[in-house]
Amino acid sequence: MTQDNLLSIRNLKVNFRLESGERFEALKGISFDIPKHRTVALVGESGSGKSVTSMAIMQLLPSNNTEVDPASEILFNGKNLLTLTGSELRAMRGKDVAMIFQEPMSSLNPVFTVGDQIAETLMLHAGLGRSAAKKRVVELLTEVGLPDPAKKAGAYPHQLSGGQQQRVMIAMAIACEPKLLIADEPTTALDVTIQKQILELIAKLQKKHGMSVLFITHDLGVVGEFADDVVVMRHGVIRETGTVKQIFDAPKDAYTKALLNCRPHLDRRPMRLAVIDDFLREGGYVEPAERQRGYLPDDEIILDVQGLGKSFESREGLFGKHVFHAVKDVSFKLARGKTLGIVGESGSGKTTVGLTLVRLHEATAGKALFHGKDILSMSPREFQDYKRRIQIIFQNPYASLNPRFTVGQILTEPMMLHDIGTNQHERLQMARELLERVGLPENAMFKYPHEFSGGQRQRIAIARCLTMKPELLICDESVSALDVSVQAQVLNLLQDLQDEYQLSYLFISHDLAVVKHISDQVMVMNKGEVVEQADADDIYLRPKQDYTRRLLSSIPQGWVNEAIVAA
Amino acid sequence: MSMKRHVAMALVAIGCSPLLHAADMNKVLHAVFNAPETGFDPAKVSDVYSSSITENVFDPLLTYDYLARPAKLVPNTVTAIPQLSADRTTLVFHIKPGIYFAPDPAFKGKKRELTAADYAYTFKRLADPTVGSPSSYLVRGRFVGLDALVAKAKGGKLDYDTPIEGIRALDRYTLQLKLTEPAPGLLYILAMPHLGAVAREVIEAYGTNTNAHPVGTGPYMLADWKPGNHITLVANPNFRKIIFNYTDNSTPEAHRVASEMNGKLMPQVGRVEISVIQEEQPQWLAFRSGQLDISGLPQPAVRNALILDPKNPWRVALKPDMKAKGIQLSRKLDTEITFYSFNMKDPVLGGLGKDKIALRRAIAMSFNNEETIKDIRRNQAVPVQSIIPADVAGHNPGMRAKYPYNPALANALLDKFGYKIGPNGYRTQPNGKPLAVDFITDPSAIGKQWNEYWQKAFDQIKIKVNFRMMLWNEQVKTIRECKYGMAGGAWLADYPDGDNFAMLLYGKNIGDSNNACYQSPRYDALYEASQKLGDSPERNRLFDQMDKVAAGDTPWVYGDTRFRNFLSQRWVRGFVPHPVFNVAWRFVDIQK
Amino acid sequence: MTATVQTAPGMAAPVSKSLWALGWQRLKRNKVGFISLWVVSVYLLIALGGWFNVVGGNWLNEIAVPYAPPSWVGASGADVMPADAYDASGVESSAPIVTLARQEDPIGKELTEAEKDAGRYKVEEVKKRESLPFGADLRGRDVLQKTLKGTSTSIFVGIFGAVLALLIGTTLGAVSGYFGGKIDDLLTWFYSVFTSVPDMLLLLSFAAVSGRGITTIIMVMALTSWTGTYRLVRAEYLKLKSREYVQAASAIGASHSRRMFVHILPNISHLLLVQFSLMTVALIKYEAILSFLGFGVGVRQVSLGSMLAEAPSELVQGYWWQMLAVTIAMSILVTAFSLLVDALRDALDPKVK
Amino acid sequence: MSAYIIRRILQMIPTLFGVMLLVFTLFTLVGGDPTYILAGKHLTAEVLANLRAQLGLDKTLPEQFMIFVRQVLTLDFGTSWSTQQPVSDIISTRIGPSLTLTGSMMIVDLLIAIPLAAAVAYFRGGLTDRIVTIACTVAMSISALVYIIAGQYFLAYRMEMFPVRGWGDSLLTNLLVYVPLPLLMGLMVSLGPDIRFYRSFFLEEMNHDYVRTARAKGLSEKTVMLKHVLRNAMIPVVTTVMMSLPFLMIGALVLESFFGIPGMGNEVVMAVNKSDFPVIKAVTIYIALATMLFNLLADLVYKLIDPRVQLK
């Protein structure tokens, strides 16, 4: 390639020795370039090998079980990083190549002030004295837009918010003016509004310092606005490389196409979301018809929540109590066969609403009339019957299934508890049918949860709810932890089930695009209160509140055609 | 033990002599206690270790000759051993003038002389209910008027200022004692350290903490006390001049002591450092490495130190390597007996019926005393053959009251009385009820060893035994209350008179020292008769009869009498174990 | 680029494995751990054998002379006084022998009669051996047999003590962590009271008030060592009760007891297994100290601790074999057990997949 | 902060009450009767009654408990039933030797165990790590009694490297002459488990993300280990050590009895054997108080060294 490339990866092969003695091929010989002064986005779903690539560049892969193919090359300014000695490597790290990570909280040392941690880099690589470094730290913190930088330099990581921590990480990374900045999913753990700010900051710094940036993400959406070039990876192989324009406007690879279409869009709402198989199949993908959303006047209201409140008490001072109102005066109605989406940033109280409705939290105020009966004031014994009719699916598919139960046990347990089915045989039969319905093979019955992927587990969780034939399903961030392709599958499944069984959904998510796609009505929450509530399309097209508008504007737009921007 | 010629007076008090050197403060004697002491108020302590200190700090009226065997009483702070009055109830003591208490702040800097009033106070104090003295039995019921005085106190403080007939200081140096009835053992009692003179002002000055402030007229005074760990005694600067002058040359030991010590002042050692070492290994290793000057030979070390004759426990010699280091071995048979008592009130084991006697006899015959002497005592004991051990007035060396080990006969005897072997392999009572012996013991490792031998004994006669382990105080309580089946016991002479042992089976001592809760009209009659007599062949005949009665009724299984082996380092002079004294510190010298 | 699709790794394993099976697989791969497992198994077999008196059942038989040395050690000629050089001091006395004559004896007549039958009970003296494979103790019992039996007792004491402590700790910890609130306050109070009093005092006082023997030792151990398990289990229940799968169980209508014991308990079972092994090891060592302090096993029982309690006095005499046997038996057991615990902890750690 | 401390101190009251109840129940209701020890060989009912009255054992149980409460409030436990020495004197003279031994043991232990644990953790998985770990396991598998018995016999007696036993008056003599052997024996017992324990702290910290960050900065392994990991790993180390401090007071019983150290361990056993209730009460209450105070102190120190901790 031309010598304009800052970094060239040539035929990089990385294997991991697994504990069982087997080898796992994480990278199967990838090659791509990072040109000087440009931002390259490395996009892929979990297991694609994108993080392994970044760690390989930094030589941070665990030495005891990693094998890098000796023929592999990582050329940085023409030097092969894989052949550097320990001290050369250390001189390079943090100075020429710097890195920021996904979890800023755990990536910062909890017992040193952020100022010290930044100064450490400066003293090491820039040869600054302690006081000079201190001064420079404040400058850097100012540059990354940390409010009150002089004071914040003396703060410990946990005293900063997630966004601020990531700013500190960025300041630490750019402290020595690196030529290459690797950003490994830097915004995944952050709220959508903060995510936008951080992305903008990185873009700004890239321009200002003329760095090259390797931006690693699973979300094609965030790439469009920042990257110059895109590399799409899957299962340790590069599927497609190209400029942003090429990738978004004319993707060649079916997988790239699938990735672009799996994600719900704000501007359209197909009957079903596209899934990867649609693109890999012969014949390609045909855009389905649009789905109409919204409540109708004669919808039967099955859940009527009035003035719901939940507060938590904590001790403060000698005898004092601190009351934290997680949810304040929330009211809404949910109709049969419809979906109410609840959106909000973390801490908005949306999850608390869900948990109080299945009484995993006891509400402190308000009523929730389910078919006219207040389920919040019932005795636990009375509520037992209603548990069958109101079910919940949680966010983390890895935590919501008991790891010591087989799938069969997981599915038959609720039937046994509610006397559904006359005997175990019958229950197993029903469980098998449900497994088939959610798209899992029959032999899954005897497996344990850890043998399934996240998407499969979420299907099992859905099947568990279906065993009781509930009327209302609360989906608490149920698809947030899934890769976009899997997310689409699960969303489609939920939609199908609603169509089939006339289920009502309370769909809680921070992802506005997903909520828009699945909801008939949307309720926006902030700091425990309802900001706005309306039919889905109304909210997105005609937001009434500033907060809603700000939230909507933070959504990554993907590759935006300049023509559209101009119009 | 053969009777030996009595030794002439060993200690002579003389006047001032400037040529003689008093205790050398640089001479330090390192001694050891095997168990923690409790304190040093002679009225409050009764254990051996505490008494070892009070013995050296306080002066009773009488004391013992250091070399005479059997032990012989000699005057201590008095001019002579008094003669009894015609009715054998009045004694008059003349205190030597010029005996002074050790210095103490309570004397406000003045030298304080010992007077007859001090003894009167000391004796009365033992009966004071607020003192709670374990030695009160020594004075209660003995002196005219004392019990009435105690009754008047009603559990409160005794009125010391009211004169009583029984204990009177006639003048500064004359003490008169009046007894309620003749008491043969009284003179021995007056030689016990518990009756060593205390000064009233000292006792009153230290209130409840008299244990830490022993102030007496004896050769030593307390310098430092870390309870349960370390005690330091230093020579009392006010101690009267006593020059060693042993005239006895009858035994090699007496000859040696006389040649080593004669002409020197008592005491020679300026400091005595006593360590409390409860574990045997450290004690032995400490002696071997020279950290102790005089030490008892711990049982487990016997094989290391001694050459034994397995057939004759009397014959031992030091191993050559020890001898080469100049280590000296001194030996004596303790004036003690050990025994296992049956609770004669126990429904299973007790009673004087023939079947019960047979059961007890069978148990006694099944216990292999020889084996335990060989294994546990390491040959350092002889079997008990009489209630009264050797070196005690009234001992009959020809008495053989112990039943020989004979488990076969024991089994046959049990068969005879209908103790049938049941289906579970254990014998039942003649009435068919199950038979199990309740045996109380302590939880120590050595206790467990003994129990193993007892288990073996019971196994041989097919009787079930349950060992009930309890702490010392609980054992005492259970035994006093006669709520047990069998229990071990040992009695170390308070004073070397047969009376001190014969009383152990006297019916009126149940709940006191009669552990067996034994009450036999025959024995009691013999005992009461012996009380009226002094040490005499007449009394010895009574003792023999008592031995036979007890042997017949079998309230005890006889145990053994231990040898005590003392080792002293090459530089220790003048050491010989004494049958009554706990320690010999004041009689020894160190010449390194 | 080609559009071939590979299946995601680990999607469809043919045989399904529970977490226990996975742990077992991992354990088998750990060489040290696996060898330890074998050693511990052998010990457990010995323990079981001892329990049913198959192993070490004859330890009580006095088959050798006291302190017979191990056969592989040259006999150290014990010094015996030569028969000559007779010292007459105090051996015999001239006094006439006095004994209780049969006619003076209350049961004299019966004794004389019984003497005729005594022959039935005569036992033949067996020749005692002069040496044994690992020497003999004071009573001439085989140290090897004794060690086997003692090991058995110690293991049982350790295991039962651990089970009991685990039972107390887990029950209280589960109730405390799961229900929280007032119950938690009460149990935590109980816990802090127990932890504030030094173990040794609790031990001495418990032992002082109850009898001796294996049961007491086990009780005392359990009562003084349940606190660690309590803290662990309570913390786990606090953490797990808010886990989503437990919440899901609540949402599907599982009762409290079902959530506590069917859902949460299996998920801390690996921790309990590790805790159990740790405690067993600790209690085996603890028993030694207890026996040394005099709270040991009963007269007809032997444990490693009770054997060790005999060691100080034996060592002073130069009889080192019993201590050596105990030390070897105990250190191999404890080392293997501890290494096994390490391996188990790694193998069962759910974080390592 | 102060509110937190006050609340914690208030919380100690019920715990202390529980401890009192426990000790009182154990020793008053079911414990031995001390009068039988004090009364000597010749017991009479009268002597026993007098002693009971003196010791206050003739009072009703609630009365006795109230006396106990008063003693705890004034921290004056009267005099020992056995030696009649003031309990405060006994404890104050006993605590010094115990602390001299256990304190020096702890310091030496920490000085050896922490660097070794860090080194072993650094070479995790390697041969050094395995050898040290197994050596520690073997070392801790041998009963403390064997170390003491054999150590005293061989090192002190046969090889004459140390005095067999003893205790002096000056701290320096004790530290130089009498402490080394028991200290060595104690270390044989404690080092193994401690190294293993601290190693696990280091390993745990080394798996954290911030270590990766530090490496990404270009720091050398030494700096990563000694600066970033050590500082974090010290947090659990310091807390464990703080929590164990109160138990230093009670001393090392077996060591004390074998080496003749006049410490608390010996005293407690003696007190229990003699049913010396005042001493037992005092020791228990002092240790319980110390435990609670040190727990509080541990939390405060925790706050000091770990900025994340918030006291609630």
# chains A, B, ... in the order shown; residues from 1 in each chain; ligands from 1
$ residues_around --residues "region 499-501 of chain B" --least-positions-apart "4" --cutoff "7 Å" --atoms "only C-alpha atoms" --output "VMD selection string"
chain B and resid 387 to 388 493 to 495
$ write_last_selection --atoms "all heavy atoms" --output "compact mmCIF listing (two decimals), in the first residue's frame"
# COMPACT_ATOMS: atom_id res chain seq x y z
N ILE B 387 -3.37 -47.78 104.68
CA ILE B 387 -3.89 -46.41 104.62
C ILE B 387 -2.80 -45.41 104.98
O ILE B 387 -2.77 -44.31 104.47
CB ILE B 387 -5.09 -46.27 105.60
CG1 ILE B 387 -6.20 -47.24 105.20
CG2 ILE B 387 -5.60 -44.85 105.64
CD1 ILE B 387 -7.31 -47.34 106.22
N ILE B 388 -1.89 -45.83 105.84
CA ILE B 388 -0.87 -44.92 106.33
C ILE B 388 0.45 -45.21 105.63
O ILE B 388 0.99 -46.32 105.75
CB ILE B 388 -0.72 -45.06 107.85
CG1 ILE B 388 -2.05 -44.71 108.52
CG2 ILE B 388 0.40 -44.15 108.37
CD1 ILE B 388 -2.17 -45.19 109.92
N ALA B 493 0.39 -35.92 102.82
CA ALA B 493 0.33 -35.62 104.25
C ALA B 493 0.37 -34.12 104.51
O ALA B 493 1.18 -33.41 103.94
CB ALA B 493 1.49 -36.29 104.95
N ASP B 494 -0.55 -33.66 105.35
CA ASP B 494 -0.43 -32.29 105.84
C ASP B 494 0.67 -32.25 106.90
O ASP B 494 1.39 -31.30 107.04
CB ASP B 494 -1.75 -31.83 106.47
CG ASP B 494 -2.86 -31.73 105.45
OD1 ASP B 494 -2.62 -31.13 104.39
OD2 ASP B 494 -3.95 -32.28 105.70
N TYR B 495 0.69 -33.33 107.69
CA TYR B 495 1.72 -33.47 108.71
C TYR B 495 1.96 -34.96 108.88
O TYR B 495 1.08 -35.78 108.61
CB TYR B 495 1.30 -32.81 110.03
CG TYR B 495 -0.11 -33.13 110.47
CD1 TYR B 495 -0.36 -34.26 111.26
CD2 TYR B 495 -1.17 -32.33 110.10
CE1 TYR B 495 -1.64 -34.56 111.65
CE2 TYR B 495 -2.46 -32.63 110.49
CZ TYR B 495 -2.70 -33.75 111.27
OH TYR B 495 -3.97 -34.06 111.65
$ select_by_dssp --residues "region 202-233 of chain A" --states "helix (DSSP H, G or I)" --output "list in words"
Ile202, Ala203, Lys204, Leu205, Gln206, Lys207, Lys208, His209, Leu220, Gly221, Val222 and Val223 of chain A
$ write_last_selection --atoms "all heavy atoms" --output "PDB file, in the first residue's frame"
ATOM      1  N   ILE A 202     -14.337  12.879  20.325  1.00  0.00           N
ATOM      2  CA  ILE A 202     -13.274  12.121  19.653  1.00  0.00           C
ATOM      3  C   ILE A 202     -13.050  12.679  18.249  1.00  0.00           C
ATOM      4  O   ILE A 202     -11.914  12.880  17.806  1.00  0.00           O
ATOM      5  CB  ILE A 202     -13.630  10.620  19.601  1.00  0.00           C
ATOM      6  CG1 ILE A 202     -13.636  10.042  21.017  1.00  0.00           C
ATOM      7  CG2 ILE A 202     -12.631   9.843  18.735  1.00  0.00           C
ATOM      8  CD1 ILE A 202     -14.093   8.612  21.110  1.00  0.00           C
ATOM      9  N   ALA A 203     -14.155  12.950  17.562  1.00  0.00           N
ATOM     10  CA  ALA A 203     -14.043  13.484  16.202  1.00  0.00           C
ATOM     11  C   ALA A 203     -13.295  14.813  16.216  1.00  0.00           C
ATOM     12  O   ALA A 203     -12.414  15.079  15.389  1.00  0.00           O
ATOM     13  CB  ALA A 203     -15.428  13.637  15.605  1.00  0.00           C
ATOM     14  N   LYS A 204     -13.637  15.641  17.181  1.00  0.00           N
ATOM     15  CA  LYS A 204     -13.019  16.968  17.276  1.00  0.00           C
ATOM     16  C   LYS A 204     -11.517  16.830  17.527  1.00  0.00           C
ATOM     17  O   LYS A 204     -10.693  17.476  16.862  1.00  0.00           O
ATOM     18  CB  LYS A 204     -13.672  17.733  18.436  1.00  0.00           C
ATOM     19  CG  LYS A 204     -13.351  19.212  18.466  1.00  0.00           C
ATOM     20  CD  LYS A 204     -13.988  19.883  19.676  1.00  0.00           C
ATOM     21  CE  LYS A 204     -13.003  19.909  20.821  1.00  0.00           C
ATOM     22  NZ  LYS A 204     -13.589  20.314  22.099  1.00  0.00           N
ATOM     23  N   LEU A 205     -11.165  15.963  18.463  1.00  0.00           N
ATOM     24  CA  LEU A 205      -9.756  15.799  18.815  1.00  0.00           C
ATOM     25  C   LEU A 205      -8.976  15.198  17.649  1.00  0.00           C
ATOM     26  O   LEU A 205      -7.820  15.547  17.413  1.00  0.00           O
ATOM     27  CB  LEU A 205      -9.620  14.898  20.050  1.00  0.00           C
ATOM     28  CG  LEU A 205     -10.142  15.504  21.347  1.00  0.00           C
ATOM     29  CD1 LEU A 205     -10.189  14.448  22.438  1.00  0.00           C
ATOM     30  CD2 LEU A 205      -9.278  16.678  21.778  1.00  0.00           C
ATOM     31  N   GLN A 206      -9.629  14.303  16.934  1.00  0.00           N
ATOM     32  CA  GLN A 206      -8.956  13.674  15.794  1.00  0.00           C
ATOM     33  C   GLN A 206      -8.555  14.744  14.789  1.00  0.00           C
ATOM     34  O   GLN A 206      -7.433  14.755  14.293  1.00  0.00           O
ATOM     35  CB  GLN A 206      -9.899  12.637  15.176  1.00  0.00           C
ATOM     36  CG  GLN A 206      -9.279  11.793  14.080  1.00  0.00           C
ATOM     37  CD  GLN A 206      -9.638  12.313  12.695  1.00  0.00           C
ATOM     38  OE1 GLN A 206     -10.691  12.929  12.512  1.00  0.00           O
ATOM     39  NE2 GLN A 206      -8.753  12.088  11.743  1.00  0.00           N
ATOM     40  N   LYS A 207      -9.486  15.636  14.558  1.00  0.00           N
ATOM     41  CA  LYS A 207      -9.200  16.702  13.586  1.00  0.00           C
ATOM     42  C   LYS A 207      -8.098  17.599  14.128  1.00  0.00           C
ATOM     43  O   LYS A 207      -7.139  17.930  13.451  1.00  0.00           O
ATOM     44  CB  LYS A 207     -10.469  17.511  13.339  1.00  0.00           C
ATOM     45  CG  LYS A 207     -11.476  16.737  12.516  1.00  0.00           C
ATOM     46  CD  LYS A 207     -12.292  17.642  11.606  1.00  0.00           C
ATOM     47  CE  LYS A 207     -13.150  16.797  10.679  1.00  0.00           C
ATOM     48  NZ  LYS A 207     -14.136  15.945  11.438  1.00  0.00           N
ATOM     49  N   LYS A 208      -8.238  17.988  15.377  1.00  0.00           N
ATOM     50  CA  LYS A 208      -7.335  18.971  15.957  1.00  0.00           C
ATOM     51  C   LYS A 208      -5.894  18.453  15.994  1.00  0.00           C
ATOM     52  O   LYS A 208      -4.952  19.154  15.650  1.00  0.00           O
ATOM     53  CB  LYS A 208      -7.793  19.310  17.372  1.00  0.00           C
ATOM     54  CG  LYS A 208      -7.028  20.462  17.992  1.00  0.00           C
ATOM     55  CD  LYS A 208      -7.580  20.817  19.350  1.00  0.00           C
ATOM     56  CE  LYS A 208      -6.531  21.563  20.142  1.00  0.00           C
ATOM     57  NZ  LYS A 208      -6.721  21.441  21.574  1.00  0.00           N
ATOM     58  N   HIS A 209      -5.737  17.206  16.431  1.00  0.00           N
ATOM     59  CA  HIS A 209      -4.394  16.683  16.590  1.00  0.00           C
ATOM     60  C   HIS A 209      -3.924  15.915  15.370  1.00  0.00           C
ATOM     61  O   HIS A 209      -2.806  15.411  15.354  1.00  0.00           O
ATOM     62  CB  HIS A 209      -4.328  15.755  17.816  1.00  0.00           C
ATOM     63  CG  HIS A 209      -4.603  16.483  19.095  1.00  0.00           C
ATOM     64  ND1 HIS A 209      -3.671  17.263  19.728  1.00  0.00           N
ATOM     65  CD2 HIS A 209      -5.731  16.592  19.832  1.00  0.00           C
ATOM     66  CE1 HIS A 209      -4.202  17.792  20.815  1.00  0.00           C
ATOM     67  NE2 HIS A 209      -5.462  17.404  20.897  1.00  0.00           N
ATOM     68  N   LEU A 220     -23.245  -0.181  13.597  1.00  0.00           N
ATOM     69  CA  LEU A 220     -22.969   0.522  12.344  1.00  0.00           C
ATOM     70  C   LEU A 220     -23.509   1.934  12.397  1.00  0.00           C
ATOM     71  O   LEU A 220     -22.965   2.851  11.791  1.00  0.00           O
ATOM     72  CB  LEU A 220     -23.610  -0.235  11.185  1.00  0.00           C
ATOM     73  CG  LEU A 220     -22.673  -0.950  10.230  1.00  0.00           C
ATOM     74  CD1 LEU A 220     -23.465  -1.665   9.152  1.00  0.00           C
ATOM     75  CD2 LEU A 220     -21.690   0.039   9.602  1.00  0.00           C
ATOM     76  N   GLY A 221     -24.594   2.104  13.145  1.00  0.00           N
ATOM     77  CA  GLY A 221     -25.257   3.407  13.199  1.00  0.00           C
ATOM     78  C   GLY A 221     -24.324   4.539  13.607  1.00  0.00           C
ATOM     79  O   GLY A 221     -24.360   5.626  13.037  1.00  0.00           O
ATOM     80  N   VAL A 222     -23.470   4.278  14.601  1.00  0.00           N
ATOM     81  CA  VAL A 222     -22.650   5.377  15.123  1.00  0.00           C
ATOM     82  C   VAL A 222     -21.482   5.675  14.187  1.00  0.00           C
ATOM     83  O   VAL A 222     -20.838   6.709  14.280  1.00  0.00           O
ATOM     84  CB  VAL A 222     -22.084   5.087  16.520  1.00  0.00           C
ATOM     85  CG1 VAL A 222     -23.204   4.807  17.491  1.00  0.00           C
ATOM     86  CG2 VAL A 222     -21.106   3.947  16.491  1.00  0.00           C
ATOM     87  N   VAL A 223     -21.228   4.788  13.254  1.00  0.00           N
ATOM     88  CA  VAL A 223     -20.050   4.924  12.405  1.00  0.00           C
ATOM     89  C   VAL A 223     -20.222   6.038  11.375  1.00  0.00           C
ATOM     90  O   VAL A 223     -19.320   6.830  11.120  1.00  0.00           O
ATOM     91  CB  VAL A 223     -19.772   3.573  11.703  1.00  0.00           C
ATOM     92  CG1 VAL A 223     -18.817   3.740  10.560  1.00  0.00           C
ATOM     93  CG2 VAL A 223     -19.243   2.583  12.708  1.00  0.00           C
TER      94      VAL A 223
END
$ residues_around --residues "region 289-298 of chain D" --least-positions-apart "2" --cutoff "10 Å" --atoms "only C-alpha atoms" --output "PyMOL selection string"
(chain C and resi 192-193+195-198) or (chain D and resi 4-5+8-9+11-13+15-16+19+238-247+249+283-287+300-304)
$ closest_residue --among "D:Leu184, D:Met159, D:Met206, D:Ala113" --to "chain B" --atoms "only C-alpha atoms"
D:Met159
$ residues_around --residues "region 416-431 of chain B" --least-positions-apart "3" --cutoff "8 Å" --atoms "only C-alpha atoms" --output "CSV table (one decimal) with all heavy atoms, in the first residue's frame"
chain,number,residue,atom,x,y,z
B,355,ASP,N,-22.7,-58.8,98.5
B,355,ASP,CA,-22.6,-58.8,97.0
B,355,ASP,C,-22.0,-57.5,96.5
B,355,ASP,O,-21.2,-57.5,95.6
B,355,ASP,CB,-24.0,-58.9,96.4
B,355,ASP,CG,-25.0,-57.8,96.9
B,355,ASP,OD1,-24.8,-57.4,98.1
B,355,ASP,OD2,-25.9,-57.5,96.2
B,358,ALA,N,-18.3,-57.8,97.2
B,358,ALA,CA,-17.7,-58.7,96.2
B,358,ALA,C,-17.5,-57.9,94.9
B,358,ALA,O,-16.4,-58.1,94.2
B,358,ALA,CB,-18.6,-59.9,95.9
B,412,ALA,N,-14.6,-65.1,88.8
B,412,ALA,CA,-15.2,-66.2,89.5
B,412,ALA,C,-16.0,-65.7,90.7
B,412,ALA,O,-17.2,-66.1,90.9
B,412,ALA,CB,-14.1,-67.2,90.0
B,413,LEU,N,-15.5,-64.6,91.4
B,413,LEU,CA,-16.2,-64.1,92.5
B,413,LEU,C,-17.5,-63.4,92.1
B,413,LEU,O,-18.6,-63.6,92.7
B,413,LEU,CB,-15.3,-63.0,93.2
B,413,LEU,CG,-15.8,-62.5,94.5
B,413,LEU,CD1,-15.9,-63.5,95.6
B,413,LEU,CD2,-14.9,-61.3,95.0
B,434,PRO,N,-29.3,-53.7,84.7
B,434,PRO,CA,-28.0,-53.4,84.0
B,434,PRO,C,-27.0,-52.8,85.0
B,434,PRO,O,-27.4,-52.2,86.0
B,434,PRO,CB,-28.3,-52.4,82.9
B,434,PRO,CG,-29.7,-51.9,83.3
B,434,PRO,CD,-30.4,-52.9,84.0
B,435,LEU,N,-25.7,-53.1,84.8
B,435,LEU,CA,-24.7,-52.7,85.7
B,435,LEU,C,-23.7,-51.8,84.9
B,435,LEU,O,-23.2,-52.2,83.9
B,435,LEU,CB,-24.0,-54.0,86.2
B,435,LEU,CG,-22.7,-53.8,87.0
B,435,LEU,CD1,-22.9,-52.9,88.2
B,435,LEU,CD2,-22.1,-55.1,87.4
B,462,LYS,N,-15.7,-57.8,82.5
B,462,LYS,CA,-16.9,-57.6,81.7
B,462,LYS,C,-18.0,-56.8,82.4
B,462,LYS,O,-19.1,-57.1,82.5
B,462,LYS,CB,-17.5,-59.0,81.4
B,462,LYS,CG,-16.6,-59.8,80.5
B,462,LYS,CD,-16.8,-61.3,80.5
B,462,LYS,CE,-15.7,-62.0,79.8
B,462,LYS,NZ,-14.4,-62.0,80.5
B,463,ILE,N,-17.5,-55.7,82.9
B,463,ILE,CA,-18.4,-54.7,83.5
B,463,ILE,C,-18.3,-53.4,82.7
B,463,ILE,O,-17.2,-53.0,82.3
B,463,ILE,CB,-18.0,-54.4,85.0
B,463,ILE,CG1,-18.3,-55.7,85.8
B,463,ILE,CG2,-18.7,-53.2,85.5
B,463,ILE,CD1,-18.0,-55.6,87.3
B,464,LYS,N,-19.4,-52.9,82.5
B,464,LYS,CA,-19.5,-51.6,81.6
B,464,LYS,C,-19.1,-50.5,82.5
B,464,LYS,O,-19.5,-50.3,83.7
B,464,LYS,CB,-20.9,-51.4,81.2
B,464,LYS,CG,-21.1,-50.5,80.0
B,464,LYS,CD,-22.5,-50.4,79.6
B,464,LYS,CE,-22.7,-49.3,78.6
B,464,LYS,NZ,-22.5,-49.8,77.2
C,110,GLU,N,-16.7,-66.9,100.4
C,110,GLU,CA,-17.0,-66.9,99.0
C,110,GLU,C,-15.8,-66.9,98.2
C,110,GLU,O,-15.7,-67.5,97.1
C,110,GLU,CB,-18.0,-65.8,98.7
C,110,GLU,CG,-19.4,-65.9,99.2
C,110,GLU,CD,-19.5,-65.4,100.7
C,110,GLU,OE1,-18.5,-65.2,101.3
C,110,GLU,OE2,-20.6,-65.3,101.2
C,114,ALA,N,-14.7,-69.3,95.3
C,114,ALA,CA,-14.5,-68.8,93.9
C,114,ALA,C,-13.2,-69.2,93.4
C,114,ALA,O,-13.0,-69.3,92.2
C,114,ALA,CB,-14.7,-67.2,93.9
$ residues_around --residues "region 252-258 of chain D" --least-positions-apart "3" --cutoff "10 Å" --atoms "only C-alpha atoms" --output "VMD selection string"
(chain B and resid 229 276 to 283) or (chain C and resid 200 289 292 to 293) or (chain D and resid 97 to 99 101 to 102 144 to 145 148 to 149 152 164 to 166 181 to 183 185 to 186 247 to 249 261 to 269)
